[in-house]
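Enquirer: Below is the file final_19.cif, which contains mmCIF, C-alpha atoms and all ligand atoms.
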```cif
data_upload
#
loop_
_atom_site.label_atom_id
_atom_site.label_comp_id
_atom_site.auth_asym_id
_atom_site.auth_seq_id
_atom_site.Cartn_x
_atom_site.Cartn_y
_atom_site.Cartn_z
CA MET A 17 0.00 0.00 0.00
CA PHE A 18 2.89 2.40 0.68
CA GLU A 19 3.93 1.90 -2.93
CA ARG A 20 0.48 3.17 -3.97
CA ILE A 21 1.03 6.32 -1.90
CA ARG A 22 4.42 6.84 -3.51
CA THR A 23 2.90 6.46 -6.98
CA ALA A 24 0.06 8.81 -6.03
CA ARG A 25 2.66 11.38 -5.01
CA GLU A 26 4.18 11.24 -8.51
CA ARG A 27 0.75 11.48 -10.12
CA LEU A 28 -0.12 14.57 -8.08
CA ARG A 29 3.09 16.39 -8.93
CA GLY A 30 2.29 19.65 -10.71
CA HIS A 31 -1.44 19.23 -10.02
CA ALA A 32 -1.88 19.33 -6.23
CA ASN A 33 -0.25 22.04 -4.13
CA VAL A 34 2.69 20.96 -1.99
CA THR A 35 1.18 22.70 1.01
CA PRO A 36 3.34 24.60 3.49
CA VAL A 37 4.42 23.31 6.91
CA MET A 38 3.98 25.92 9.64
CA THR A 39 5.21 26.13 13.22
CA CYS A 40 4.11 28.23 16.22
CA ARG A 41 6.39 28.99 19.15
CA THR A 42 3.53 29.99 21.44
CA LEU A 43 1.97 26.57 20.96
CA ASP A 44 5.31 24.75 21.31
CA GLU A 45 5.92 26.49 24.63
CA SER A 46 2.45 25.83 25.97
CA VAL A 47 2.39 22.12 25.07
CA GLY A 48 6.08 21.38 25.59
CA ALA A 49 6.72 19.86 22.18
CA GLU A 50 7.85 20.85 18.71
CA VAL A 51 4.75 20.96 16.51
CA PHE A 52 4.65 20.95 12.70
CA PHE A 53 1.39 21.79 10.93
CA LYS A 54 0.75 20.40 7.45
CA CYS A 55 -1.57 23.05 6.03
CA GLU A 56 -4.10 21.31 3.78
CA ASN A 57 -6.43 24.26 4.30
CA LEU A 58 -4.21 25.74 1.57
CA GLN A 59 -4.73 22.76 -0.77
CA ARG A 60 -6.67 23.26 -4.01
CA ALA A 61 -10.42 23.47 -3.32
CA GLY A 62 -9.52 24.09 0.34
CA ALA A 63 -8.92 20.57 1.70
CA PHE A 64 -6.78 17.42 1.32
CA LYS A 65 -9.68 15.81 -0.60
CA PHE A 66 -8.19 17.07 -3.88
CA ARG A 67 -5.38 14.53 -3.43
CA GLY A 68 -7.56 11.42 -3.34
CA ALA A 69 -9.95 12.72 -5.99
CA PHE A 70 -7.16 13.51 -8.45
CA ASN A 71 -5.37 10.22 -7.78
CA ALA A 72 -8.55 8.21 -8.43
CA ILE A 73 -10.03 10.14 -11.36
CA SER A 74 -6.76 10.52 -13.28
CA GLN A 75 -6.50 6.70 -13.43
CA LEU A 76 -9.84 6.14 -15.15
CA THR A 77 -9.84 4.76 -18.69
CA ASP A 78 -10.87 6.97 -21.62
CA GLU A 79 -14.14 5.09 -21.80
CA GLN A 80 -14.89 5.70 -18.11
CA ARG A 81 -14.02 9.37 -18.51
CA ASP A 82 -16.35 9.68 -21.48
CA ARG A 83 -19.26 8.25 -19.51
CA GLY A 84 -18.66 10.54 -16.54
CA ILE A 85 -18.29 10.22 -12.78
CA ILE A 86 -20.64 10.50 -9.84
CA THR A 87 -20.11 11.05 -6.15
CA TYR A 88 -22.14 11.65 -3.01
CA SER A 89 -21.05 14.25 -0.49
CA SER A 90 -22.25 17.60 0.72
CA GLY A 91 -18.79 18.79 1.57
CA ASN A 92 -15.17 18.97 0.59
CA HIS A 93 -15.07 15.72 -1.38
CA ALA A 94 -17.83 17.02 -3.69
CA GLN A 95 -15.88 20.19 -4.38
CA ALA A 96 -12.66 18.27 -4.97
CA VAL A 97 -14.30 15.81 -7.38
CA ALA A 98 -16.01 18.67 -9.21
CA LEU A 99 -12.71 20.55 -9.58
CA VAL A 100 -10.79 17.47 -10.74
CA GLY A 101 -13.64 16.69 -13.17
CA ARG A 102 -13.25 20.14 -14.65
CA LEU A 103 -9.44 19.88 -14.84
CA LEU A 104 -9.57 16.47 -16.55
CA ARG A 105 -12.69 17.28 -18.59
CA VAL A 106 -14.82 14.56 -17.09
CA ARG A 107 -18.56 15.15 -16.70
CA THR A 108 -19.34 15.16 -12.97
CA THR A 109 -22.54 14.55 -11.05
CA VAL A 110 -22.83 15.10 -7.31
CA VAL A 111 -25.68 13.77 -5.17
CA MET A 112 -26.36 16.17 -2.29
CA PRO A 113 -29.05 16.37 0.35
CA GLY A 114 -31.60 19.12 -0.43
CA ASN A 115 -30.64 20.82 2.87
CA ALA A 116 -26.87 20.98 2.12
CA PRO A 117 -25.25 24.35 2.92
CA LYS A 118 -25.88 26.75 0.02
CA VAL A 119 -22.21 27.79 -0.21
CA LYS A 120 -21.04 24.20 -0.67
CA ARG A 121 -23.65 23.54 -3.33
CA ALA A 122 -22.74 26.80 -5.06
CA ALA A 123 -19.01 26.01 -4.99
CA THR A 124 -19.65 22.53 -6.42
CA GLU A 125 -21.80 23.97 -9.22
CA ALA A 126 -19.26 26.70 -9.89
CA TYR A 127 -16.69 23.98 -10.71
CA GLY A 128 -19.12 22.75 -13.34
CA ALA A 129 -20.69 19.72 -11.66
CA THR A 130 -24.36 18.82 -11.96
CA VAL A 131 -25.89 18.69 -8.49
CA ILE A 132 -28.75 16.26 -7.83
CA ASP A 133 -30.91 16.77 -4.74
CA TYR A 134 -32.28 13.99 -2.66
CA ASP A 135 -34.40 13.78 0.46
CA PRO A 136 -32.31 12.20 3.25
CA GLU A 137 -35.54 11.21 5.06
CA LYS A 138 -36.66 9.03 2.14
CA THR A 139 -33.54 7.47 0.66
CA THR A 140 -29.76 7.35 0.96
CA ARG A 141 -27.21 9.09 -1.22
CA GLU A 142 -25.60 5.75 -2.05
CA GLU A 143 -28.92 4.44 -3.41
CA ILE A 144 -29.39 7.45 -5.70
CA ALA A 145 -25.77 7.26 -6.89
CA ASN A 146 -26.20 3.54 -7.66
CA ILE A 147 -29.39 4.13 -9.67
CA LEU A 148 -27.71 6.87 -11.73
CA LYS A 149 -24.63 4.71 -12.15
CA THR A 150 -26.71 1.90 -13.65
CA GLU A 151 -28.68 4.32 -15.83
CA HIS A 152 -25.75 6.29 -17.26
CA GLY A 153 -22.70 4.11 -16.75
CA TYR A 154 -21.07 6.61 -14.42
CA THR A 155 -18.07 5.59 -12.30
CA ILE A 156 -18.62 6.17 -8.58
CA ILE A 157 -15.84 8.09 -6.80
CA PRO A 158 -16.52 7.40 -3.09
CA PRO A 159 -15.35 9.84 -0.40
CA PHE A 160 -13.04 7.50 1.53
CA ASP A 161 -13.58 3.76 1.08
CA HIS A 162 -11.47 3.26 -2.05
CA LEU A 163 -7.78 2.33 -2.30
CA ASP A 164 -6.87 5.14 -4.73
CA ILE A 165 -8.62 7.70 -2.53
CA ILE A 166 -6.81 6.39 0.58
CA ALA A 167 -3.44 6.41 -1.25
CA GLY A 168 -4.02 9.99 -2.47
CA GLN A 169 -4.90 11.18 1.04
CA GLY A 170 -1.69 9.54 2.35
CA THR A 171 0.44 11.87 0.24
CA ALA A 172 -0.05 14.78 2.67
CA ALA A 173 1.70 12.90 5.50
CA PHE A 174 4.29 11.63 3.02
CA GLU A 175 5.17 15.24 2.09
CA LEU A 176 5.25 16.25 5.75
CA PHE A 177 7.85 13.55 6.55
CA GLU A 178 9.87 14.51 3.49
CA GLU A 179 10.02 18.09 4.69
CA VAL A 180 10.53 17.78 8.45
CA LYS A 181 12.07 14.27 8.62
CA ALA A 182 11.66 12.38 11.90
CA LEU A 183 8.41 12.74 13.87
CA ASP A 184 7.53 11.08 17.20
CA MET A 185 3.79 11.55 16.82
CA LEU A 186 1.27 12.36 14.10
CA LEU A 187 -2.26 13.67 14.82
CA VAL A 188 -4.88 13.17 12.11
CA PRO A 189 -8.59 14.12 11.98
CA CYS A 190 -10.93 11.17 11.34
CA GLY A 191 -14.32 10.95 9.65
CA GLY A 192 -14.64 7.93 7.36
CA GLY A 193 -10.96 7.19 7.96
CA GLY A 194 -9.54 7.74 4.45
CA LEU A 195 -7.12 10.45 5.58
CA LEU A 196 -6.25 8.56 8.77
CA SER A 197 -5.56 5.23 7.00
CA GLY A 198 -3.44 6.85 4.29
CA SER A 199 -1.53 8.98 6.80
CA ALA A 200 -0.89 6.01 9.11
CA ILE A 201 0.39 3.80 6.29
CA ALA A 202 2.73 6.58 5.11
CA ALA A 203 3.94 7.33 8.65
CA LYS A 204 4.56 3.71 9.64
CA SER A 205 6.38 2.96 6.40
CA ILE A 206 8.68 5.97 6.69
CA GLU A 207 9.07 6.10 10.49
CA PRO A 208 7.85 2.90 12.20
CA THR A 209 8.28 4.38 15.69
CA CYS A 210 6.04 7.38 15.00
CA ARG A 211 2.81 7.12 17.05
CA VAL A 212 -0.22 7.83 14.85
CA ILE A 213 -3.30 9.07 16.68
CA GLY A 214 -6.70 9.67 15.08
CA ILE A 215 -8.81 12.53 16.45
CA GLU A 216 -12.62 12.69 16.38
CA PRO A 217 -15.24 14.97 17.89
CA GLU A 218 -16.75 13.49 21.09
CA LEU A 219 -20.16 13.84 19.45
CA ALA A 220 -19.07 11.69 16.48
CA ASP A 221 -16.95 9.10 18.27
CA ASP A 222 -17.90 6.06 16.16
CA ALA A 223 -14.34 5.39 14.95
CA THR A 224 -12.90 5.73 18.46
CA LYS A 225 -15.44 3.18 19.75
CA SER A 226 -14.80 0.92 16.74
CA PHE A 227 -11.06 1.13 17.33
CA HIS A 228 -11.24 0.24 21.02
CA THR A 229 -13.88 -2.52 20.71
CA LYS A 230 -12.71 -3.87 17.34
CA THR A 231 -16.34 -3.97 16.16
CA LEU A 232 -17.78 -1.40 13.80
CA HIS A 233 -19.81 1.34 15.54
CA THR A 234 -22.11 3.75 13.74
CA VAL A 235 -23.37 7.20 14.72
CA LYS A 236 -26.27 8.76 12.83
CA ASN A 237 -26.23 12.49 11.97
CA PRO A 238 -23.91 13.51 14.84
CA PRO A 239 -24.57 17.18 15.70
CA THR A 240 -20.91 18.22 15.76
CA ILE A 241 -19.67 21.53 14.40
CA ALA A 242 -16.92 19.54 12.59
CA ASP A 243 -19.05 18.76 9.52
CA GLY A 244 -16.21 16.96 7.68
CA THR A 245 -16.35 14.17 10.27
CA ARG A 246 -20.12 13.56 10.36
CA THR A 247 -19.78 10.31 8.37
CA PRO A 248 -21.71 7.51 10.13
CA SER A 249 -18.83 5.01 10.35
CA LEU A 250 -15.48 3.80 9.10
CA GLY A 251 -15.61 1.86 5.81
CA GLU A 252 -15.02 -1.74 4.78
CA LEU A 253 -11.48 -0.86 3.74
CA THR A 254 -10.66 1.90 6.22
CA PHE A 255 -11.78 0.02 9.37
CA PRO A 256 -9.21 -2.80 9.08
CA LEU A 257 -6.52 -0.32 7.94
CA VAL A 258 -7.16 1.88 10.98
CA LEU A 259 -7.03 -1.16 13.29
CA GLN A 260 -3.78 -2.30 11.71
CA HIS A 261 -1.82 0.94 11.39
CA VAL A 262 -3.16 3.44 13.94
CA ASP A 263 -1.82 3.48 17.52
CA ASP A 264 -4.67 5.26 19.28
CA MET A 265 -7.87 7.26 18.83
CA ARG A 266 -8.92 10.25 20.98
CA THR A 267 -11.94 12.53 21.08
CA VAL A 268 -12.26 16.29 21.64
CA SER A 269 -15.18 18.40 22.90
CA GLU A 270 -17.07 20.95 20.81
CA THR A 271 -15.60 23.69 23.05
CA ALA A 272 -12.08 22.46 22.38
CA ILE A 273 -12.76 22.50 18.62
CA VAL A 274 -14.06 26.09 18.76
CA GLU A 275 -11.03 27.18 20.80
CA ALA A 276 -8.69 25.52 18.29
CA VAL A 277 -10.31 27.38 15.35
CA GLN A 278 -9.91 30.62 17.35
CA PHE A 279 -6.27 29.84 18.17
CA LEU A 280 -5.44 29.07 14.55
CA PHE A 281 -7.06 32.31 13.43
CA TYR A 282 -5.75 34.73 16.07
CA ARG A 283 -2.31 33.25 16.70
CA MET A 284 -1.40 31.65 13.41
CA LYS A 285 -3.45 33.79 11.01
CA MET A 286 -4.96 30.70 9.46
CA VAL A 287 -8.50 30.10 8.29
CA VAL A 288 -9.28 26.52 9.34
CA GLU A 289 -12.66 24.79 9.41
CA PRO A 290 -13.69 22.94 12.59
CA SER A 291 -12.82 19.46 11.18
CA GLY A 292 -9.41 20.78 10.19
CA ALA A 293 -8.69 21.95 13.74
CA LEU A 294 -9.20 18.60 15.53
CA GLY A 295 -5.47 17.92 16.00
CA VAL A 296 -4.89 21.36 17.46
CA ALA A 297 -7.94 20.88 19.72
CA ALA A 298 -6.39 17.65 21.04
CA LEU A 299 -3.12 19.45 21.85
CA LEU A 300 -4.65 22.58 23.41
CA SER A 301 -7.06 20.57 25.57
CA ALA A 302 -4.21 18.18 26.55
CA GLU A 303 -6.36 15.24 25.36
CA VAL A 304 -3.11 14.12 23.75
CA SER A 305 0.04 14.74 25.76
CA ALA A 306 2.62 15.71 23.21
CA THR A 307 6.32 15.09 23.48
CA GLY A 308 9.17 15.49 21.04
CA ARG A 309 8.38 16.26 17.42
CA VAL A 310 4.68 16.23 16.62
CA GLY A 311 3.05 16.44 13.18
CA VAL A 312 -0.52 17.74 12.89
CA ILE A 313 -2.57 17.51 9.72
CA ILE A 314 -4.70 20.64 9.31
CA SER A 315 -7.18 18.96 6.97
CA GLY A 316 -9.20 21.82 5.51
CA GLY A 317 -10.24 25.45 5.54
CA ASN A 318 -13.69 25.59 3.97
CA ILE A 319 -15.75 27.53 6.45
CA ASP A 320 -18.67 29.86 5.93
CA GLY A 321 -18.06 33.51 6.79
CA ASP A 322 -21.11 33.39 9.06
CA LEU A 323 -19.92 30.37 11.03
CA MET A 324 -16.38 31.77 11.31
CA SER A 325 -17.62 35.07 12.68
CA LYS A 326 -19.83 33.21 15.18
CA ILE A 327 -16.86 31.13 16.33
CA LEU A 328 -14.54 34.12 16.59
CA SER A 329 -16.98 36.08 18.72
CA SER A 330 -17.89 33.20 21.04
CA GLY A 331 -16.43 32.43 24.48
CA LYS A 332 -13.16 34.02 25.48
CA LYS A 333 -12.21 36.03 22.46
CA ARG A 334 -8.47 35.60 22.36
CA PRO A 335 -7.03 32.34 23.56
C1 LIG A 401 -13.21 14.73 4.75
C2 LIG A 401 -12.59 15.53 5.82
C3 LIG A 401 -12.13 14.94 7.02
C4 LIG A 401 -12.28 13.47 7.30
O1 LIG A 401 -11.61 12.68 6.36
P1 LIG A 401 -11.93 11.11 6.22
O2 LIG A 401 -11.05 10.62 5.15
O3 LIG A 401 -13.40 11.01 5.89
O4 LIG A 401 -11.66 10.53 7.55
C5 LIG A 401 -11.50 15.75 7.94
N1 LIG A 401 -11.34 17.07 7.73
C6 LIG A 401 -11.78 17.67 6.61
C7 LIG A 401 -11.55 19.13 6.44
C8 LIG A 401 -12.41 16.92 5.61
O5 LIG A 401 -12.84 17.53 4.49
#
```
Could you write out this structure as structure tokens?
Ligand SMILES: *Cc1c(COP(=O)(O)O)cnc(C)c1O
Expert:
Amino acid sequence: MFERIRTARERLRGHANVTPVMTCRTLDESVGAEVFFKCENLQRAGAFKFRGAFNAISQLTDEQRDRGIITYSSGNHAQAVALVGRLLRVRTTVVMPGNAPKVKRAATEAYGATVIDYDPEKTTREEIANILKTEHGYTIIPPFDHLDIIAGQGTAAFELFEEVKALDMLLVPCGGGGLLSGSAIAAKSIEPTCRVIGIEPELADDATKSFHTKTLHTVKNPPTIADGTRTPSLGELTFPLVLQHVDDMRTVSETAIVEAVQFLFYRMKMVVEPSGALGVAALLSAEVSATGRVGVIISGGNIDGDLMSKILSSGKKRP
């Protein structure tokens, strides 16, 4: 699998941004470690999802490209697939719940994708995507449970190790586990002693429970502010990969997530969405006790102006 990540890295060259790695002395002093942030909020389309989407879609045959692709997501994966579809001239359809945030729908349409509404009360997005796949011969590009997606997502950690060399610990946000599996495989292949820890919101702790009990847990529509991690469970591929390669899973409170977004904005001048701030939340709340050299994947920066201004004006204003 590491070979797949290495190949993905070559495929992404010149297409994905090699995102910057940032540091922050204030944070280092307060947590007593040396922290390196891999800034995927500065990736194309605003999240690491571009990596997996490009890696998967660029490998389709001419015939598959001619027929078009379909995906289901209301968030960053939809935008990434739509952008890659435009770049590679592949017709793209995205199935989104009718109540998806208007900005995300607008961004997806702006990249040229056709958005199809569905009623989440009546059917599932997978069902709709499967019907359209059968009707039109589309290829489904799933958000995380696909080896090319997982390999693409693993390239962010790969680049981080290339740039900063040895790390003692790597903190990775977890939703469906695509980013976490890919990151863990990259980390363990490059630096077997690096501890890889997945971070989830307390309110969406399905993967943490699944990890500790070794049976798949599901959580339905978790009301967390970290919308990138609201997926109901790990996948058929990501669950065993997480069990095999990840050292631990931890959860953070909604308050800790909000404080992390504030910290990233006020101290580091970075616009990071709540899901992207999970690693920082784990450090600031001491949910993870950091030592030595710690890598943190900042997974995305797509946040509504309204939500950002609400977060910035809530609680204690400057951490
Ligand atoms: C998709 C996403 C996640 C979760 O990634 P998975 O591969 O589903 O675990 C975390 N943060 C952001 C910003 C995302 O877009």
Enquirer: Show me which residues sit within 8 Å of ligand LIG 401 (chain A) when counting all atoms listed in the file, and put them as a PyMOL selection string.
Expert: chain A and resi 57+63-65+91-93+159-160+166+169+189-197+242-245+247+250+289-292+314-318
Enquirer: If you count all atoms listed in the file, which residues fall within 12 Å of Thr124 of chain A, apart from same-chain ones fewer than 5 positions away, as a ChimeraX atom specification?
Expert: /A:61,87-102,108-112,116-119,129-132
Enquirer: Ranking A:Leu187, A:Ala72, A:Ile147, A:Leu294 by minimum distance to Arg20 of chain A and counting all atoms listed in the file, which one comes first?
Expert: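 Of all the options, A:Ala72 lies closest to Arg20 of chain A.
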Enquirer: Given the choices A:Glu175, A:Glu252, A:Asp78, A:Asp222, which gets closest to Arg29 of chain A if the distance is worked out from only C-alpha atoms?
Expert: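 Looking at the shortest contact to Arg29 of chain A, the residue is A:Glu175.
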Enquirer: When you look at Gly48 of chain A with a cut-off of 8 Å (counting only C-alpha atoms), what residues show up, excluding the ones that are within fewer than 2 positions of it in the same chain? I need them as an NGL selection string.
Expert: :A and (44-46 or 50 or 306-307)
Enquirer: Pick from A:Ser329, A:Asn146, A:Gln260, A:Thr267: nearest to Ile201 of chain A, with all atoms listed in the file counted?
Expert: A:Gln260
Enquirer: Kindly indicate which residue among A:Gly331, A:Gly68, A:Gly84, A:Pro238 lies nearest to Val106 of chain A, using only C-alpha atoms for the distances.
Expert: A:Gly84
Enquirer: Segment 23-26 of chain A: which residues within 12 Å, counting only C-alpha atoms, same-chain residues fewer than 3 positions away excluded, as a VMD selection string?
Expert: chain A and resid 17 to 20 29 to 34 66 to 75 163 to 175 178 198 202
